[in-house]
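**Q** Please see the structure below; I have some questions.
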Amino acid sequence: MSERVILNEIQEKLLAGLHATLDQMMATETMEAISLQGMEQRSEFILDDEVGGLVRFYGAVHEGMVGVSTSRPVAVAIVSQLLGLPSANLEKEDILDGVAELVNILCGGMKARAGLGPVTLSSPVAIVGREVTAVWKTSKPTLVLTFQTGHGPLRLLASV
Amino acid sequence: MKLLTIDDSRTIRRVISGIGAMLGFEVLEAENGMVALELLEKRADEVGLILLDWNMPGMNGLEVLKKVKSHEVWKSIPVMMVTTEGERDYIIQAIQAGACHYQTKPFSQEEMAARIMEALGLGGI
């Protein structure tokens with residue numbers, strides 16, 4: 001985390017778009033305050049928390065992936081607020097679908113804000129499970145933004 | 001009068017169903033375009049507003065919108081796009097194809113409730 005990450009122009013736009021969309025989403029749908037804790041760069045796109053989700057985007061000029069990775073308590077808190085249901089009433093399927101929609105909204109908002117041009121989004125993928133680690137080999141580095149929520153850390157991943 | 005939400009996300013369908021219930025409307029749900037069209041074949045006369053996602057597996061929202069707006073009976077049902085696609089080109093395509101409102105995700109419950117009432121011609125809440 002202490003190493004300074006140098007971003008190119010499109011990475012800056014992408015991260016700014018993601019950050020703004022997450023802020024908007026947390027403010028309007030979950031009413032939960034979040035704060036950016038740090039940023040790091042990794043060579044691989046890895047979802048290694050208990051809950052993860054990703055959407056791929058691809059166009060003539062840009063392609064990449066956006067993901068979210070977090071603990072079950074954070075995911076449950078967000079989905080609970082989204083649905084307006086007590087967290088105790090949520091089933092695994094609710095968490096999967098909620099996280100898929102979360103990453104779908106994040107990628108869609110990022111796309112519009114970053115001005116990526118004509119870009120198609122894939123269907124979202126969500127993963128829930130303590131023993132699951134998913135790795136995607138990409139030719140581009142993965143940027144990871146870590147946010148602190150009221151229930152623990154939430155990480156946004158972006159590779160472009 | 002009922003609302004019809006067409007979205008592959010169960011989460012969004014449940015959120016919209018909750019908002020519809022809050023406003024006093026029953027909400028019909030379809031998880032994709034094909035299911036929605038089958039539902040409209042049987043129950044179009046009950047539907048007062050369609051809330052339509054853009055990115056769905058199989059038929060996308062724009063294709064569903066064009067099917068609805070080219071149908072002799074269904075074309076009178078107002079359609080609101082509810083989507084993550086917030087770029088100008090998408091909005092123009094949807095309006096040109098006959099959508100009456102365009103709501104991007106994320107949205108607050110209050111915001112969506114107001115848009116639904118507006119789309120139904122019932123004013124703000």
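Residues in the structure tokens are named by chain (A, B, ... in the order shown) and by number from 1 within that chain; ligands are numbered from 1 in the order shown.
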Would you please extract all helix (DSSP H, G or I) residues from chain B, as assigned by DSSP on the backbone, and give them as a VMD selection string?
**A** chain B and resid 10 to 23 33 to 46 61 to 69 74 to 76 88 to 97 109 to 119
**Q** Between chain A and chain B, at 7 Å or less, what are the per-residue closest atom pairs and their distances in Å? Count only C-alpha atoms, order by chain and rising residue number, and return it as a tab-separated table.
**A**
residue	atom	partner	partner_atom	distance
A:Met25	CA	B:Pro106	CA	5.6
A:Thr28	CA	B:Ser108	CA	5.0
A:Glu29	CA	B:Ser108	CA	5.4
A:Leu83	CA	B:Val15	CA	5.6
A:Asp97	CA	B:Thr11	CA	6.2
A:Gly98	CA	B:Thr11	CA	5.6
A:Glu101	CA	B:Ser9	CA	6.5
A:Ile105	CA	B:Thr84	CA	5.5
A:Gly108	CA	B:Thr84	CA	4.8
A:Gly109	CA	B:Thr84	CA	6.3
A:Ala112	CA	B:Glu87	CA	5.4
**Q** So what do you get for atom CA of A:Leu7 versus atom CA of A:Glu63, distance-wise?
**A**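 Atom-to-atom, atom CA of A:Leu7 and atom CA of A:Glu63 are spaced 16.4 Å apart.
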**Q** Would you mind reading off the distance between atom CA of A:Val5 and atom CA of A:Gly115, one decimal, in Å?
**A** 22.1 Å
**Q** Report, in Å with one decimal, the straight-line distance from atom CA of A:Ser35 to atom CA of A:His19.
**A**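 About the pair atom CA of A:Ser35 and atom CA of A:His19: they are 10.1 Å apart.
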**Q** Do you know which residues are at most 12 Å from B:Val79 counting only C-alpha atoms, after dropping those on the same chain fewer than 2 positions away, and could you put them as a PyMOL selection string?
**A** chain B and resi 3-6+47-54+61-62+64-69+74-77+81-82+94-95+97-103+115-116+118-120
**Q** So which residues touch A:Phe147 within 6 Å, counting only C-alpha atoms, skipping near sequence neighbours fewer than 6 positions away, as number ranges by chain?
**A** A: 35-37, 153-154
**Q** Take the residues that were just selected and, keeping N, CA and C atoms, output them as a compact mmCIF listing (two decimals), in the first residue's frame.
**A**
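After the write, selection.txt holds the following:
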# COMPACT_ATOMS: atom_id res chain seq x y z
N SER A 35 -15.18 5.36 3.22
CA SER A 35 -14.01 6.21 3.03
C SER A 35 -12.91 5.40 2.35
N LEU A 36 -12.20 6.05 1.46
CA LEU A 36 -11.12 5.39 0.73
C LEU A 36 -9.92 5.24 1.66
N GLN A 37 -9.43 4.01 1.77
CA GLN A 37 -8.30 3.72 2.67
C GLN A 37 -6.97 3.65 1.92
N PRO A 153 -13.88 -3.72 5.49
CA PRO A 153 -13.35 -3.24 4.21
C PRO A 153 -14.07 -3.81 2.98
N LEU A 154 -14.09 -3.02 1.94
CA LEU A 154 -14.65 -3.40 0.65
C LEU A 154 -13.62 -3.01 -0.40
**Q** Among the residues of stretch 15-66 of chain B, find those DSSP assigns to strand (DSSP E or B) from the backbone and print them as a list of chain:residue names.
**A**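 So the strand (DSSP E or B) residues in stretch 15-66 of chain B would be B:Glu26, B:Val27, B:Leu28, B:Glu29, B:Ala30, B:Val47, B:Gly48, B:Leu49, B:Ile50, B:Leu51, B:Leu52.
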**Q** For A:Val68, find every residue with an atom within 9 Å (counting only C-alpha atoms), except residues of its own chain fewer than 4 positions away, and show them as JSON, numbers by chain.
**A** {"A": [47, 51, 52, 53, 54, 99, 102, 103, 106, 154, 155, 156, 157, 158]}
**Q** Which residues, written as a ChimeraX atom specification, have at least one atom at most 12 Å from B:Gly24, with only C-alpha atoms counted and residues fewer than 4 positions away on the same chain left out?
**A** /B:1-3,17-20,113,116-117
